[in-house]
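K.L.:
Pasting run_30.txt below, which is compact mmCIF, C-alpha atoms.
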# COMPACT_ATOMS: atom_id res chain seq x y z
CA MET A 144 60.52 -14.13 47.51
CA ALA A 145 62.75 -16.35 49.63
CA ARG A 146 61.64 -14.33 52.62
CA LEU A 147 59.63 -16.83 54.62
CA THR A 148 56.77 -14.33 54.77
CA ASP A 149 56.53 -14.47 50.96
CA LEU A 150 56.25 -18.27 50.75
CA PRO A 151 53.03 -20.30 51.08
CA PRO A 152 52.47 -20.86 54.84
CA ALA A 153 53.03 -24.64 54.67
CA ALA A 154 56.31 -24.22 52.78
CA ALA A 155 57.46 -21.42 55.09
CA LYS A 156 56.80 -23.62 58.13
CA ARG A 157 58.63 -26.56 56.56
CA TYR A 158 61.69 -24.48 55.68
CA ALA A 159 61.77 -22.68 59.05
CA GLU A 160 61.50 -25.89 61.01
CA LEU A 161 63.79 -28.03 58.86
CA GLU A 162 66.21 -29.84 61.08
CA CYS A 163 69.70 -28.47 60.52
CA PRO A 164 72.97 -29.98 61.68
CA GLN A 165 74.27 -28.53 64.94
CA PHE A 166 78.02 -28.17 65.28
CA LYS A 167 80.09 -27.90 68.44
CA THR A 168 82.88 -26.00 66.73
CA THR A 169 82.92 -22.82 64.67
CA PRO A 170 85.78 -23.17 62.20
CA TRP A 171 87.27 -20.00 60.74
CA VAL A 172 90.12 -19.87 58.26
CA LYS A 173 91.64 -16.56 57.22
CA GLY A 174 93.30 -16.03 53.88
CA ALA A 175 95.03 -13.67 51.50
CA PRO A 176 93.37 -10.57 50.01
CA LEU A 177 90.67 -11.43 47.47
CA ALA A 178 92.90 -10.34 44.61
CA GLU A 179 95.22 -13.23 45.45
CA ARG A 180 92.60 -15.92 46.02
CA ARG A 181 91.79 -18.88 43.79
CA VAL A 182 88.02 -19.31 43.85
CA ALA A 183 85.86 -22.41 43.28
CA ILE A 184 82.10 -22.80 43.19
CA VAL A 185 80.43 -25.54 45.21
CA SER A 186 76.74 -25.70 44.33
CA SER A 187 73.89 -27.65 45.88
CA ALA A 188 71.69 -27.39 42.78
CA GLY A 189 72.15 -30.99 41.65
CA LEU A 190 74.15 -29.76 38.66
CA VAL A 191 75.56 -32.41 36.38
CA VAL A 192 77.55 -32.25 33.17
CA ARG A 193 75.46 -33.70 30.35
CA GLY A 194 76.28 -37.37 29.92
CA GLU A 195 77.09 -37.89 33.60
CA LYS A 196 74.66 -39.60 35.95
CA PRO A 197 71.90 -37.25 37.14
CA PHE A 198 71.27 -37.06 40.89
CA ARG A 199 68.51 -39.41 42.01
CA GLY A 200 66.54 -39.48 45.21
CA ARG A 201 68.66 -38.04 47.94
CA ASP A 202 72.09 -38.94 46.61
CA ALA A 203 74.78 -37.64 48.99
CA ASP A 204 77.71 -37.77 46.59
CA TYR A 205 78.94 -35.03 44.28
CA ARG A 206 79.52 -34.30 40.63
CA VAL A 207 82.60 -32.66 39.16
CA ILE A 208 82.21 -29.60 36.92
CA PRO A 209 85.44 -28.72 35.07
CA SER A 210 86.02 -25.01 34.54
CA GLU A 211 85.97 -25.47 30.77
CA THR A 212 82.34 -26.70 30.95
CA ARG A 213 80.11 -24.74 28.60
CA PRO A 214 76.59 -23.57 29.50
CA GLU A 215 75.00 -26.00 27.06
CA GLN A 216 76.67 -28.91 28.86
CA LEU A 217 75.32 -28.21 32.33
CA MET A 218 72.10 -29.93 33.46
CA PHE A 219 69.98 -29.35 36.52
CA SER A 220 68.87 -32.52 38.33
CA HIS A 221 67.85 -31.22 41.76
CA ILE A 222 65.07 -33.39 43.14
CA SER A 223 62.86 -30.50 44.29
CA ILE A 224 60.25 -29.11 41.91
CA ASN A 225 59.50 -26.26 44.29
CA LEU A 226 62.23 -23.99 43.03
CA ASP A 227 62.54 -21.92 39.90
CA ARG A 228 64.47 -23.34 36.97
CA SER A 229 63.63 -20.68 34.40
CA GLY A 230 66.37 -18.37 35.69
CA PHE A 231 69.00 -21.06 35.13
CA GLN A 232 67.50 -21.86 31.74
CA GLU A 233 67.84 -18.24 30.65
CA ASP A 234 71.27 -17.70 32.18
CA TRP A 235 73.34 -20.36 33.94
CA ASN A 236 75.10 -17.66 36.01
CA VAL A 237 71.92 -17.38 38.12
CA VAL A 238 72.96 -20.68 39.73
CA PHE A 239 76.51 -21.30 38.56
CA PRO A 240 78.23 -17.90 38.21
CA LEU A 241 81.31 -19.10 36.36
CA ASP A 242 81.21 -16.25 33.81
CA ARG A 243 81.09 -13.71 36.65
CA LEU A 244 84.09 -15.37 38.34
CA ARG A 245 86.04 -15.28 35.07
CA GLU A 246 85.25 -11.58 34.69
CA LEU A 247 86.35 -10.88 38.26
CA ALA A 248 89.59 -12.75 37.60
CA ALA A 249 90.18 -10.81 34.35
CA GLU A 250 89.58 -7.56 36.25
CA GLY A 251 92.03 -8.59 38.97
CA VAL A 252 89.37 -8.52 41.68
CA ILE A 253 90.05 -12.18 42.45
CA GLY A 254 93.29 -13.99 41.77
CA SER A 255 92.07 -16.86 39.59
CA VAL A 256 89.28 -19.32 38.94
CA ALA A 257 89.65 -22.92 40.07
CA ALA A 258 90.16 -25.66 37.50
CA THR A 259 87.29 -27.69 38.93
CA HIS A 260 83.98 -26.93 40.62
CA TYR A 261 81.55 -29.27 42.37
CA SER A 262 77.86 -29.88 42.88
CA PHE A 263 75.81 -31.71 45.47
CA MET A 264 72.06 -32.29 45.59
CA GLY A 265 70.87 -29.93 48.26
CA ALA A 266 67.77 -31.84 49.40
CA THR A 267 70.01 -34.53 50.89
CA ASP A 268 70.70 -34.49 54.62
CA PRO A 269 74.01 -32.60 54.78
CA VAL A 270 75.32 -34.95 57.45
CA GLN A 271 75.36 -37.66 54.76
CA MET A 272 77.55 -35.39 52.61
CA GLU A 273 80.29 -34.93 55.20
CA GLY A 274 82.65 -37.63 53.92
CA TYR A 275 82.28 -36.43 50.35
CA ALA A 276 82.79 -32.81 51.43
CA ARG A 277 86.08 -33.76 53.05
CA VAL A 278 87.16 -35.54 49.85
CA ILE A 279 86.33 -32.39 47.90
CA ALA A 280 88.36 -30.33 50.39
CA SER A 281 91.39 -32.43 49.56
CA ARG A 282 90.80 -32.02 45.83
CA LEU A 283 90.32 -28.26 46.22
CA LYS A 284 93.61 -27.98 48.08
CA GLY A 285 95.29 -29.93 45.31
CA ASP A 286 94.00 -27.28 42.89
CA GLY A 287 95.36 -24.47 45.08
CA VAL A 288 91.87 -23.19 45.95
CA ASP A 289 91.70 -20.89 48.96
CA ALA A 290 88.16 -19.52 48.60
CA VAL A 291 84.92 -21.37 48.00
CA LEU A 292 81.63 -19.75 47.02
CA LEU A 293 78.84 -22.00 48.26
CA SER A 294 75.87 -21.46 45.99
CA PRO A 295 72.51 -22.91 47.04
CA VAL A 296 69.35 -23.19 45.02
CA MET B 264 75.14 -25.10 52.04
CA SER B 265 75.98 -23.88 55.50
CA ALA B 266 76.92 -27.40 56.66
CA LEU B 267 79.19 -27.82 53.64
CA GLY B 268 80.85 -24.56 54.61
CA HIS B 269 81.44 -25.96 58.07
CA TYR B 270 83.04 -29.16 56.75
CA LEU B 271 85.25 -27.40 54.17
CA GLU B 272 86.38 -24.76 56.64
CA GLU B 273 87.29 -27.48 59.15
CA GLU B 274 89.53 -28.89 56.43
CA GLY B 275 91.24 -25.51 56.10
CA ILE B 276 89.43 -23.97 53.14
CA PRO B 277 87.81 -20.53 53.60
CA THR B 278 84.19 -20.46 52.48
CA VAL B 279 81.32 -18.05 52.03
CA ALA B 280 77.77 -19.25 51.50
CA ILE B 281 74.94 -17.55 49.71
CA SER B 282 71.82 -18.09 51.80
CA LEU B 283 68.28 -18.23 50.43
CA ILE B 284 66.56 -19.30 53.66
CA ARG B 285 67.91 -17.12 56.45
CA ALA B 286 66.35 -19.19 59.25
CA GLN B 287 68.28 -22.28 58.17
CA THR B 288 71.54 -20.35 57.96
CA GLU B 289 70.98 -18.92 61.43
CA ASN B 290 70.48 -22.47 62.74
CA THR B 291 73.56 -23.96 61.09
CA LYS B 292 75.90 -21.02 61.77
CA PRO B 293 78.35 -21.23 58.85
CA PRO B 294 81.60 -19.24 59.01
CA ARG B 295 80.29 -16.60 56.57
CA ALA B 296 77.04 -16.17 54.67
CA LEU B 297 75.27 -13.57 52.57
CA TRP B 298 71.48 -13.84 52.72
CA VAL B 299 69.77 -12.79 49.50
CA PRO B 300 66.05 -11.94 49.19
CA PHE B 301 65.60 -13.85 45.94
CA GLU B 302 63.26 -16.66 45.02
CA LEU B 303 64.35 -20.27 45.43
CA GLY B 304 66.35 -21.34 42.37
CA ARG B 305 67.94 -17.92 41.85
CA PRO B 306 70.84 -17.50 44.30
CA LEU B 307 72.50 -14.84 42.10
CA GLY B 308 69.20 -13.06 41.38
CA PRO B 309 68.12 -11.84 37.95
CA PRO B 310 69.09 -13.76 34.80
CA SER B 311 70.81 -11.82 32.00
CA ASP B 312 71.88 -9.07 34.41
CA PRO B 313 75.65 -9.46 34.84
CA ALA B 314 76.07 -6.17 36.73
CA PHE B 315 73.53 -7.16 39.38
CA GLN B 316 74.94 -10.69 39.65
CA LYS B 317 78.41 -9.26 40.09
CA ARG B 318 77.24 -7.09 42.97
CA VAL B 319 75.83 -10.21 44.65
CA ILE B 320 78.95 -12.31 44.17
CA LEU B 321 81.23 -9.50 45.29
CA ALA B 322 79.13 -8.84 48.38
CA ALA B 323 79.61 -12.51 49.23
CA LEU B 324 83.31 -12.79 48.38
CA ARG B 325 84.20 -9.61 50.29
CA LEU B 326 83.09 -11.37 53.48
CA LEU B 327 86.19 -13.55 53.04
CA GLU B 328 88.34 -10.52 53.83
CA ARG B 329 86.67 -9.77 57.16
CA GLU B 330 88.98 -9.98 60.14
CA ARG B 331 86.31 -10.79 62.71
CA GLY B 332 84.26 -13.97 62.84
CA PRO B 333 82.76 -16.50 62.92
CA VAL B 334 79.78 -16.24 62.45
CA ILE B 335 79.01 -13.63 59.77
CA ILE B 336 75.52 -13.45 58.27
CA GLU B 337 74.90 -10.32 56.23
CA ASP B 338 71.88 -9.32 54.14
CA PHE B 339 71.99 -8.28 50.49
CA PRO B 340 69.89 -5.13 50.29
CA ASP B 341 68.20 -5.28 46.89
CA ASP B 342 65.34 -7.34 45.51
CA ASP B 343 65.52 -9.17 42.19
CA PRO B 344 64.12 -6.79 39.55
CA ARG B 345 63.15 -9.76 37.38
CA GLU B 346 60.52 -10.85 39.91
CA ARG B 347 58.36 -8.07 38.48
CA PRO B 348 56.14 -9.18 35.57
CA ASP B 349 56.94 -8.01 32.06
CA PRO B 350 53.70 -6.64 30.59
CA SER B 351 55.12 -6.92 27.07
CA TRP B 352 55.58 -10.70 27.31
CA ARG B 353 53.11 -12.86 25.39
CA ALA B 354 52.48 -16.56 26.03
CA PRO B 355 53.62 -18.72 23.12
CA LEU B 356 50.32 -20.61 22.86
CA ALA B 357 46.73 -19.63 23.45
CA LYS B 358 44.80 -21.17 26.36
CA VAL B 359 43.61 -24.73 25.87
CA ASP B 360 39.97 -25.54 26.52
CA SER B 361 39.66 -29.26 27.04
CA SER B 362 36.91 -30.69 24.84
CA ASP B 363 35.26 -33.04 27.33
CA GLY B 364 37.73 -33.15 30.21
CA SER B 365 38.48 -36.86 29.81
CA THR B 366 42.04 -38.09 30.09
CA THR B 367 41.76 -39.58 26.60
CA ALA B 368 40.85 -36.17 25.15
CA LEU B 369 43.60 -34.57 27.21
CA ALA B 370 46.16 -37.04 25.86
CA ALA B 371 45.16 -36.11 22.31
CA GLU B 372 45.40 -32.40 23.15
CA LEU B 373 48.85 -32.96 24.61
CA ASP B 374 50.01 -34.75 21.46
CA SER B 375 48.68 -31.90 19.36
CA GLU B 376 50.15 -29.17 21.58
CA ILE B 377 53.61 -30.71 21.57
CA ALA B 378 53.50 -31.11 17.79
CA ARG B 379 52.73 -27.38 17.54
CA LEU B 380 55.38 -26.43 20.09
CA GLU B 381 58.25 -28.57 18.84
CA SER B 382 59.46 -26.27 16.08
CA ALA B 383 59.29 -23.27 18.46
CA TYR B 384 61.39 -25.28 20.91
CA GLN B 385 63.99 -26.06 18.23
CA ARG B 386 64.18 -22.36 17.38
CA ALA B 387 64.53 -21.47 21.07
CA VAL B 388 67.42 -23.91 21.46
CA ALA B 389 69.12 -22.53 18.36
CA GLU B 390 68.63 -18.97 19.62
CA ARG B 391 69.98 -19.66 23.10
CA GLY B 392 72.51 -22.31 22.13
CA ARG B 393 71.50 -24.57 24.99
CA THR B 394 68.72 -26.56 26.61
CA ILE B 395 68.35 -28.35 29.92
CA VAL B 396 66.00 -30.90 28.38
CA GLY B 397 67.55 -34.37 28.53
CA LEU B 398 67.03 -36.03 31.91
CA SER B 399 64.69 -38.70 30.53
CA GLY B 400 66.84 -39.44 27.50
CA LEU B 401 63.70 -39.07 25.36
CA SER B 402 63.14 -36.57 22.57
CA ILE B 403 60.41 -34.00 23.17
CA GLY B 404 58.04 -35.90 20.89
CA LYS B 405 58.71 -39.23 22.61
CA ALA B 406 58.46 -37.70 26.09
CA GLY B 407 55.08 -36.26 25.10
CA ARG B 408 53.86 -39.59 23.75
CA TYR B 409 55.12 -41.37 26.87
CA ILE B 410 53.12 -39.02 29.11
CA ALA B 411 50.07 -39.21 26.83
CA ASP B 412 50.17 -43.01 27.00
CA TRP B 413 50.26 -42.86 30.82
CA LEU B 414 47.20 -40.60 30.63
CA ARG B 415 45.44 -43.16 28.46
CA GLY B 416 45.95 -45.63 31.28
CA GLN B 417 48.47 -47.80 29.54
CA THR B 418 50.90 -49.69 31.75
CA LEU B 419 54.21 -48.69 30.32
CA PRO B 420 57.65 -50.19 30.68
CA SER B 421 60.60 -47.86 31.00
CA PRO B 422 62.32 -47.26 27.67
CA SER B 423 65.63 -47.30 29.54
CA ALA B 424 67.19 -50.19 31.47
CA GLU B 425 68.69 -47.65 33.87
CA MET B 426 65.40 -46.07 34.99
CA SER B 427 62.18 -47.41 36.42
CA ALA B 428 58.98 -46.48 34.61
CA PRO B 429 57.88 -44.04 37.38
CA LEU B 430 61.29 -42.34 37.29
CA THR B 431 61.10 -42.07 33.51
CA LEU B 432 57.65 -40.53 33.89
CA ARG B 433 59.04 -37.98 36.34
CA PHE B 434 62.01 -37.09 34.12
CA ALA B 435 59.76 -36.92 31.03
CA VAL B 436 57.57 -34.42 32.90
CA ASP B 437 60.68 -32.48 33.95
CA ASP B 438 61.88 -32.41 30.34
CA LEU B 439 58.57 -31.18 28.96
CA LYS B 440 58.28 -28.48 31.62
CA ALA B 441 61.82 -27.40 30.71
CA CYS B 442 60.91 -27.41 27.00
CA TYR B 443 57.85 -25.21 27.54
CA ILE B 444 59.82 -22.79 29.73
CA GLU B 445 62.51 -22.46 27.07
CA VAL B 446 59.86 -21.65 24.47
CA ALA B 447 58.33 -19.10 26.87
CA LEU B 448 61.76 -17.47 27.28
CA ALA B 449 62.38 -17.14 23.55
CA GLY B 450 61.92 -13.74 21.97
CA SER B 451 62.27 -10.27 23.39
CA GLY B 452 60.00 -10.54 26.45
CA ARG B 453 61.53 -11.01 29.88
CA PRO B 454 58.82 -12.83 31.84
CA SER B 455 58.98 -13.43 35.57
CA SER B 456 58.95 -17.04 36.73
CA LYS B 457 55.37 -16.49 37.95
CA GLN B 458 54.22 -15.37 34.50
CA ILE B 459 55.71 -18.50 32.95
CA GLY B 460 54.24 -20.70 35.67
CA ASP B 461 50.78 -19.15 35.35
CA TRP B 462 50.81 -19.93 31.63
CA LEU B 463 52.22 -23.45 31.96
CA TRP B 464 49.94 -24.58 34.79
CA ASN B 465 46.74 -22.73 33.91
CA ASP B 466 46.66 -22.46 30.13
CA THR B 467 48.38 -25.48 28.54
CA ALA B 468 47.45 -29.08 27.87
CA LEU B 469 50.75 -30.07 29.49
CA GLY B 470 49.76 -28.41 32.77
CA ALA B 471 46.35 -30.09 32.67
CA ALA B 472 47.97 -33.43 31.83
CA ILE B 473 50.37 -33.22 34.77
CA PHE B 474 47.54 -32.32 37.15
CA ALA B 475 45.58 -35.32 35.83
CA LEU B 476 48.54 -37.69 36.25
CA ARG B 477 49.04 -36.47 39.79
CA LYS B 478 45.40 -37.02 40.68
CA GLU B 479 45.31 -40.45 39.05
CA HIS B 480 48.41 -41.83 40.77
CA LEU B 481 48.16 -40.23 44.20
CA THR B 482 46.34 -43.38 45.28
CA SER B 483 48.52 -45.84 43.36
CA GLU B 484 49.44 -49.11 45.05
CA ASP B 485 52.93 -48.68 43.59
CA GLU B 486 54.59 -46.70 46.38
CA ARG B 487 57.23 -45.26 44.07
CA LEU B 488 54.62 -44.01 41.63
CA LYS B 489 52.51 -42.65 44.46
CA ALA B 490 55.51 -40.74 45.85
CA ILE B 491 56.36 -39.31 42.44
CA ALA B 492 52.75 -38.26 41.88
CA GLY B 493 52.59 -36.57 45.27
CA LEU B 494 55.96 -34.90 45.42
CA PHE B 495 57.58 -34.57 42.02
CA LEU B 496 55.02 -33.55 39.42
CA VAL B 497 53.21 -30.40 40.58
CA PRO B 498 54.98 -27.70 42.67
CA GLY B 499 53.44 -27.21 46.09
CA VAL B 500 52.39 -23.66 45.27
CA ARG B 501 50.33 -24.97 42.31
CA VAL B 502 48.64 -27.90 44.06
CA PRO B 503 44.87 -27.30 44.22
CA PRO B 504 43.69 -26.66 47.81
CA ILE B 505 41.17 -29.54 47.65
CA ASP B 506 44.05 -32.04 47.31
Please express the file's structure as structure tokens.

P.N.:
Amino acid sequence: MARLTDLPPAAAKRYAELECPQFKTTPWVKGAPLAERRVAIVSSAGLVVRGEKPFRGRDADYRVIPSETRPEQLMFSHISINLDRSGFQEDWNVVFPLDRLRELAAEGVIGSVAATHYSFMGATDPVQMEGYARVIASRLKGDGVDAVLLSPV
Amino acid sequence: MSALGHYLEEEGIPTVAISLIRAQTENTKPPRALWVPFELGRPLGPPSDPAFQKRVILAALRLLERERGPVIIEDFPDDDPRERPDPSWRAPLAKVDSSDGSTTALAAELDSEIARLESAYQRAVAERGRTIVGLSGLSIGKAGRYIADWLRGQTLPSPSAEMSAPLTLRFAVDDLKACYIEVALAGSGRPSSKQIGDWLWNDTALGAAIFALRKEHLTSEDERLKAIAGLFLVPGVRVPPID
């Protein structure tokens, strides 16, 4: 369905031609085997813990999602209405696969699950997010995270 | 997502992105990405299918162990089985036939429909133990009445000091859509998102009300309201071609 050929022509054209940031460098960081990694989720689904401020407009900042967050606490405030929400409503792992990460940690496939995860609002120009992303990097390092799963929506 | 991967990796943190739009990922060139052939909104694929989701997440995380890169963009091979319709699923309400097509009649139908749906929604929340309704801060009943009053042409203030009236309208619509979807998901059927959307947009008073609000305010002199009507009420795939 997210094949461009499956989308309405106008939407396919918009997505294909969306201006993306161009980078001069290609960073690449190696790490330990997966079984020793501490993994965090960074989502761009506009996720917000109930009671926190929902994303509005094209907010570039982020929200914090503690690992002890329960499914009933997580809200979805992405600005776009052109994406499915019913999958998330049935099962939060469709967007925020925290249960799957916990299972992988219990099975020893990954080392551990981070204490904190993060969400942005993906319709925002990513260039505006850069400063916040670098702040998150510092927080992730403080948590010992050495693997990030970037989950879009 | 790919740009975030770039920034985090520059700061020394290994990343892998799930990609839903391959063309964008190819343009941004993140360190590592797994493209998945799933619909927008479902990066891990089918809901309530832990085994499938685990295959997706592992396919992504295993890219972190690759010795050679950047850039890695791999494709996940399987489609989402939940994109197929479930023939056993039944819509929770029968199709609404608007009495005379006026917005006043539609507002009354919406009030009535929400009154009928509210107990089913409460049962759905109890069954699932969660809801994503709540952006507007209004109860389902109040959100319905707020939208019905807009339909009746009343100029409404925002019930919240923190939100403008147009933003409250948008969030009230979001909340009611979420409420209807949660009712549609209750029970044993496993509908595709298209089945739910077909019901919500074609067969309910809520769908008709949202279409009517969009049409009414597309020409509003209030730029914020006009933008919300045009961009944030009806998904592009459901907008009538004559618009």

K.L.:
May I have a table of the residues of stretch 345-447 of chain B lying at most 8 Å from stretch 220-236 of chain A, giving each one's closest pair of atoms and their distance in Å to one decimal, counting all atoms listed in the file, ordered by chain and ascending residue number, as a tab-separated table?

P.N.:
residue	atom	partner	partner_atom	distance
B:Arg391	CA	A:Glu233	CA	8.0
B:Thr394	CA	A:Gln232	CA	7.1
B:Ile395	CA	A:Gln232	CA	6.8
B:Leu398	CA	A:Ser220	CA	7.5
B:Ala441	CA	A:Ser229	CA	7.9
B:Ile444	CA	A:Ser229	CA	6.4
B:Glu445	CA	A:Gln232	CA	6.9

K.L.:
Counting all atoms listed in the file, collect the residues of chain B whose closest atom lies at most 6 Å from chain A, and write them out as an NGL selection string.

P.N.:
:B and (271-273 or 276-281 or 283 or 286 or 291 or 294 or 300-307 or 310-311 or 393 or 395 or 498)

K.L.:
If you measure from atom CA of A:Asp204 to atom CA of B:Glu289, what distance in Å do you get, rounded to one decimal?

P.N.:
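Result for atom CA of A:Asp204 versus atom CA of B:Glu289: 24.9 Å, one decimal.
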
K.L.:
Go through B:Leu488, B:Ala449, B:Ala406, B:Val497 one by one, measure the shortest atom-to-atom distance of each to B:Ala428 using only C-alpha atoms, and give the residue with the smallest value.

P.N.:
B:Leu488

K.L.:
Could you state the separation of atom CA of B:Gly397 and atom CA of B:Leu439 in Å, given to one decimal place?

P.N.:
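Going from atom CA of B:Gly397 over to atom CA of B:Leu439 covers 9.5 Å.
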
K.L.:
If I take atom CA of B:Leu496 and atom CA of B:Phe474, how far is one from the other in Å, to one decimal?

P.N.:
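Straight-line distance from atom CA of B:Leu496 to atom CA of B:Phe474 works out to 7.9 Å.
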
K.L.:
Between B:Ala371, B:Ala296, B:Ala322, B:Ala357, single out the one closest to B:Ile335, counting only C-alpha atoms.

P.N.:
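Using only C-alpha atoms, the shortest distance to B:Ile335 belongs to B:Ala296.
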
K.L.:
Show me the residues around (60.2, -11.8, 25.0) - criterion: an atom at most 9 Å away, only C-alpha atoms counted - as a ChimeraX atom specification.

P.N.:
/B:349,351-353,447-454

K.L.:
From the set B:Ser265, B:Leu469, B:Asp312, B:Glu486, which residue has the shortest atom-to-atom contact distance to B:Lys292, counting all atoms listed in the file?

P.N.:
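Checking each of B:Ser265, B:Leu469, B:Asp312, B:Glu486 against B:Lys292, counting all atoms listed in the file, the winner is B:Ser265.
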
K.L.:
Using only C-alpha atoms, find the one residue out of A:Ser255, A:Asp286, A:Ala203, A:Ala266 that sits nearest to A:Arg181.

P.N.:
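When distances to A:Arg181 are compared using only C-alpha atoms, the smallest one comes from A:Ser255.
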
K.L.:
Quick one: residues within 12 Å of B:Ala424, only C-alpha atoms, excluding same-chain residues fewer than 5 positions away - as a list of chain:residue names?

P.N.:
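Counting only C-alpha atoms, the residues come to B:Ser399, B:Gly400, B:Leu430, B:Thr431.
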
K.L.:
Tell me which of B:Leu414, B:Val299, B:Leu321, B:Ala475 sits closest to B:Ala370, counting only C-alpha atoms.

P.N.:
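For B:Ala370, the nearest of the candidates is B:Leu414.
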